[in-house]
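Notes for the one structure printed next.
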Amino acid sequence: MPFETVNSKVVRAHVSPGTPVLARRGSMLGYSGQVAFRPVHGQGRGIGGMVGAAMSGESNPMMATEGTGQVLYGHKGLHVTVLELDGGAPLVCEADRLLAHDATLQTSVQFLGSGGLKSAISGAMTGQGLFTTNVHGRGAVALLSHGGAFPLQLQGQQIGVDPQAYVGHVGQLTVDLAAKVGFRDVVGRGSGEAFQLRIGGHGTVYVQASEKKF
């Protein structure tokens, strides 16, 4: 794995000619060795993916780190969780969650949810985008979260997750946006949990320890 956890908010990437890294622009905290940084536009997306990213807003300025050395990455004091993808099911997350990943991994835009207009309204009101990013292949990914992320294992059951606490998921899972809005919610006297993500199937869901908007 090219990523080494320094502390809960910083990772160290080991870069070599055979293991370049893609990272969020501006996330480099320090480095050693002979490394170079260059901006990347639509890396790994293809033309269709770039258009989808622009239409959905699901894009994030990235940079490539190449050469030989070690680089420290972090962003705004947010917590970092490192995941290892085995080449099977992709990681599904919002683009803003991506701090850094192996340059060999591919990204594409995916539609999240299947509830039509109702889900679109829910997504707009909760801040949970209906479009999200697919990261697939074999390699490591560093994800950002408020307060750190923890895994929830699903073995065929369905769970509810606050949209603002959802970080991402891996596996054969379905995700739908659900709204239960009553009069008390309209007048600001509801429970504050009117909108939820319903996630079911087999896989792992990553949830942050906060409902703070990302």
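All residue names refer to the structure tokens as shown: chains lettered A, B, ... in order, residues numbered from 1 in each chain, ligands numbered from 1 in order.
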Range 142-152 of chain A surroundings by only C-alpha atoms, 6 Å radius, close-in-sequence under 6 positions cut, as a list of chain:residue names =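 In the requested format, the answer is A:Leu78, A:His79, A:Val80, A:Thr81, A:Val82, A:Arg97, A:Leu98, A:Leu99, A:Ala100, A:Thr204, A:Val205, A:Tyr206, A:Val207, A:Gln208, A:Ala209, A:Ser210.
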Using DSSP on the backbone, list every residue of range 73-118 of chain A that comes out as helix (DSSP H, G or I), and give them as a ChimeraX atom specification.
-> /A:95-97,116-118
Using only C-alpha atoms, which residues sit within 7 Å of Gly33 in chain A once same-chain residues fewer than 2 positions away are excluded, as a ChimeraX atom specification?
-> /A:31,35,68-70
Counting only C-alpha atoms, the option among A:Asp102, A:Glu4, A:Glu94, A:Asp162 closest to Asn134 in chain A =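 Of the candidates, the smallest distance to Asn134 in chain A is held by A:Glu94.
As for CA of Thr133 in chain A and CA of Asp96 in chain A, they are spaced 9.3 Å apart.
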Rounded to one decimal place, report the CA of Gln106 in chain A-CA of Gly137 in chain A distance in Å.
-> 6.4 Å
Counting only C-alpha atoms, figure out which residue out of A:Leu29, A:Met62, A:Leu154, A:Val135 gets nearest to Gly77 in chain A.
->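 That would be A:Leu29, the residue with the smallest distance to Gly77 in chain A.
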Of the candidates A:Gln34, A:Gln164, A:Gln153, A:Gln110, which one gets nearest to Gly203 in chain A if we count only C-alpha atoms?
->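 Result for the nearest residue to Gly203 in chain A: A:Gln153.
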Ser27 in chain A surroundings by only C-alpha atoms, 10 Å radius, close-in-sequence under 4 positions cut, as a VMD selection string = chain A and resid 10 23 62 to 63 72 to 76 99 to 100
May I have the residues from that selection written out with N, CA and C atoms, as a compact mmCIF listing (two decimals), in the first residue's frame?
```txt
# COMPACT_ATOMS: atom_id res chain seq x y z
N VAL A 10 -3.46 13.04 8.55
CA VAL A 10 -2.37 13.15 7.57
C VAL A 10 -1.95 11.76 7.10
N ALA A 23 -3.91 13.32 -6.33
CA ALA A 23 -4.34 13.93 -5.06
C ALA A 23 -5.10 15.22 -5.33
N MET A 62 -7.69 17.94 -9.41
CA MET A 62 -6.70 16.96 -8.96
C MET A 62 -5.32 17.31 -9.51
N MET A 63 -4.30 16.75 -8.88
CA MET A 63 -2.93 16.89 -9.37
C MET A 63 -2.26 15.53 -9.31
N LEU A 72 3.46 14.17 1.99
CA LEU A 72 2.45 14.24 3.04
C LEU A 72 1.22 14.97 2.52
N TYR A 73 0.02 14.36 2.74
CA TYR A 73 -1.23 14.94 2.28
C TYR A 73 -2.19 15.14 3.45
N GLY A 74 -2.96 16.23 3.39
CA GLY A 74 -4.02 16.50 4.35
C GLY A 74 -4.86 17.63 3.80
N HIS A 75 -6.05 17.85 4.38
CA HIS A 75 -6.93 18.90 3.86
C HIS A 75 -7.81 19.46 4.97
N LYS A 76 -7.58 20.72 5.31
CA LYS A 76 -8.42 21.48 6.23
C LYS A 76 -8.61 20.82 7.59
N LEU A 99 -9.21 12.47 -1.08
CA LEU A 99 -7.98 13.21 -0.79
C LEU A 99 -6.88 12.80 -1.76
N ALA A 100 -6.68 11.48 -1.91
CA ALA A 100 -5.64 10.98 -2.80
C ALA A 100 -5.92 9.51 -3.12
```
Quick one: everything within 12 Å of Gln172 in chain A, counting only C-alpha atoms, minus sequence neighbours fewer than 6 positions away in the same chain. Send it as a PyMOL selection string.
-> chain A and resi 88-92+153-157+199-205
Output N, CA, C and O atoms of each residue in that selection to a file, as a compact mmCIF listing (two decimals), in the first residue's frame.
```
# COMPACT_ATOMS: atom_id res chain seq x y z
N GLY A 88 -12.35 -5.63 -7.21
CA GLY A 88 -13.71 -6.15 -7.34
C GLY A 88 -14.71 -5.00 -7.40
O GLY A 88 -14.67 -4.17 -8.30
N ALA A 89 -15.61 -4.97 -6.44
CA ALA A 89 -16.62 -3.92 -6.40
C ALA A 89 -15.96 -2.56 -6.22
O ALA A 89 -15.00 -2.42 -5.46
N PRO A 90 -16.46 -1.52 -6.91
CA PRO A 90 -15.86 -0.19 -6.80
C PRO A 90 -16.23 0.49 -5.49
O PRO A 90 -17.18 0.10 -4.81
N LEU A 91 -15.46 1.50 -5.15
CA LEU A 91 -15.82 2.41 -4.07
C LEU A 91 -16.74 3.48 -4.65
O LEU A 91 -16.44 4.07 -5.69
N VAL A 92 -17.87 3.73 -3.99
CA VAL A 92 -18.79 4.79 -4.39
C VAL A 92 -18.75 5.88 -3.33
O VAL A 92 -18.97 5.61 -2.14
N GLN A 153 -20.99 -3.23 8.27
CA GLN A 153 -21.06 -4.39 7.39
C GLN A 153 -22.52 -4.79 7.18
O GLN A 153 -23.26 -4.94 8.15
N LEU A 154 -22.91 -4.96 5.92
CA LEU A 154 -24.26 -5.39 5.59
C LEU A 154 -24.22 -6.78 4.99
O LEU A 154 -23.42 -7.06 4.08
N GLN A 155 -25.08 -7.67 5.49
CA GLN A 155 -25.19 -9.04 4.99
C GLN A 155 -26.61 -9.31 4.52
O GLN A 155 -27.26 -10.25 4.95
N GLY A 156 -27.11 -8.44 3.65
CA GLY A 156 -28.43 -8.62 3.10
C GLY A 156 -29.51 -7.78 3.75
O GLY A 156 -30.62 -7.68 3.23
N GLN A 157 -29.22 -7.15 4.88
CA GLN A 157 -30.22 -6.32 5.55
C GLN A 157 -30.22 -4.91 4.97
O GLN A 157 -29.39 -4.55 4.16
N ILE A 199 -30.00 2.01 2.60
CA ILE A 199 -28.95 1.24 1.95
C ILE A 199 -29.15 -0.24 2.28
O ILE A 199 -29.32 -0.60 3.45
N GLY A 200 -29.16 -1.07 1.26
CA GLY A 200 -29.37 -2.50 1.48
C GLY A 200 -28.52 -3.35 0.55
O GLY A 200 -28.08 -2.89 -0.50
N GLY A 201 -28.31 -4.61 0.95
CA GLY A 201 -27.54 -5.54 0.13
C GLY A 201 -26.37 -6.12 0.89
O GLY A 201 -26.42 -6.30 2.12
N HIS A 202 -25.30 -6.41 0.16
CA HIS A 202 -24.10 -7.01 0.75
C HIS A 202 -22.90 -6.11 0.48
O HIS A 202 -22.59 -5.81 -0.68
N GLY A 203 -22.24 -5.68 1.53
CA GLY A 203 -21.07 -4.82 1.36
C GLY A 203 -20.77 -4.04 2.62
O GLY A 203 -21.24 -4.38 3.72
N THR A 204 -19.99 -2.97 2.46
CA THR A 204 -19.56 -2.14 3.59
C THR A 204 -19.93 -0.69 3.34
O THR A 204 -19.64 -0.15 2.27
N VAL A 205 -20.57 -0.07 4.31
CA VAL A 205 -20.92 1.35 4.25
C VAL A 205 -20.02 2.10 5.22
O VAL A 205 -19.83 1.67 6.36
```
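Minimum atom-to-atom distances from A:Thr65, A:Gly139, A:Leu83, A:Val167 to Leu105 in chain A were compared using only C-alpha atoms, and the lowest value belongs to A:Gly139.
Distances from A:Gly171, A:Pro61, A:Gly67, A:Gly26 to His136 in chain A were compared using only C-alpha atoms, and the smallest one belongs to A:Gly171.
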Using only C-alpha atoms, find the one residue out of A:Ala103, A:Val170, A:Val141, A:Leu85 that sits nearest to Gly18 in chain A.
-> A:Ala103
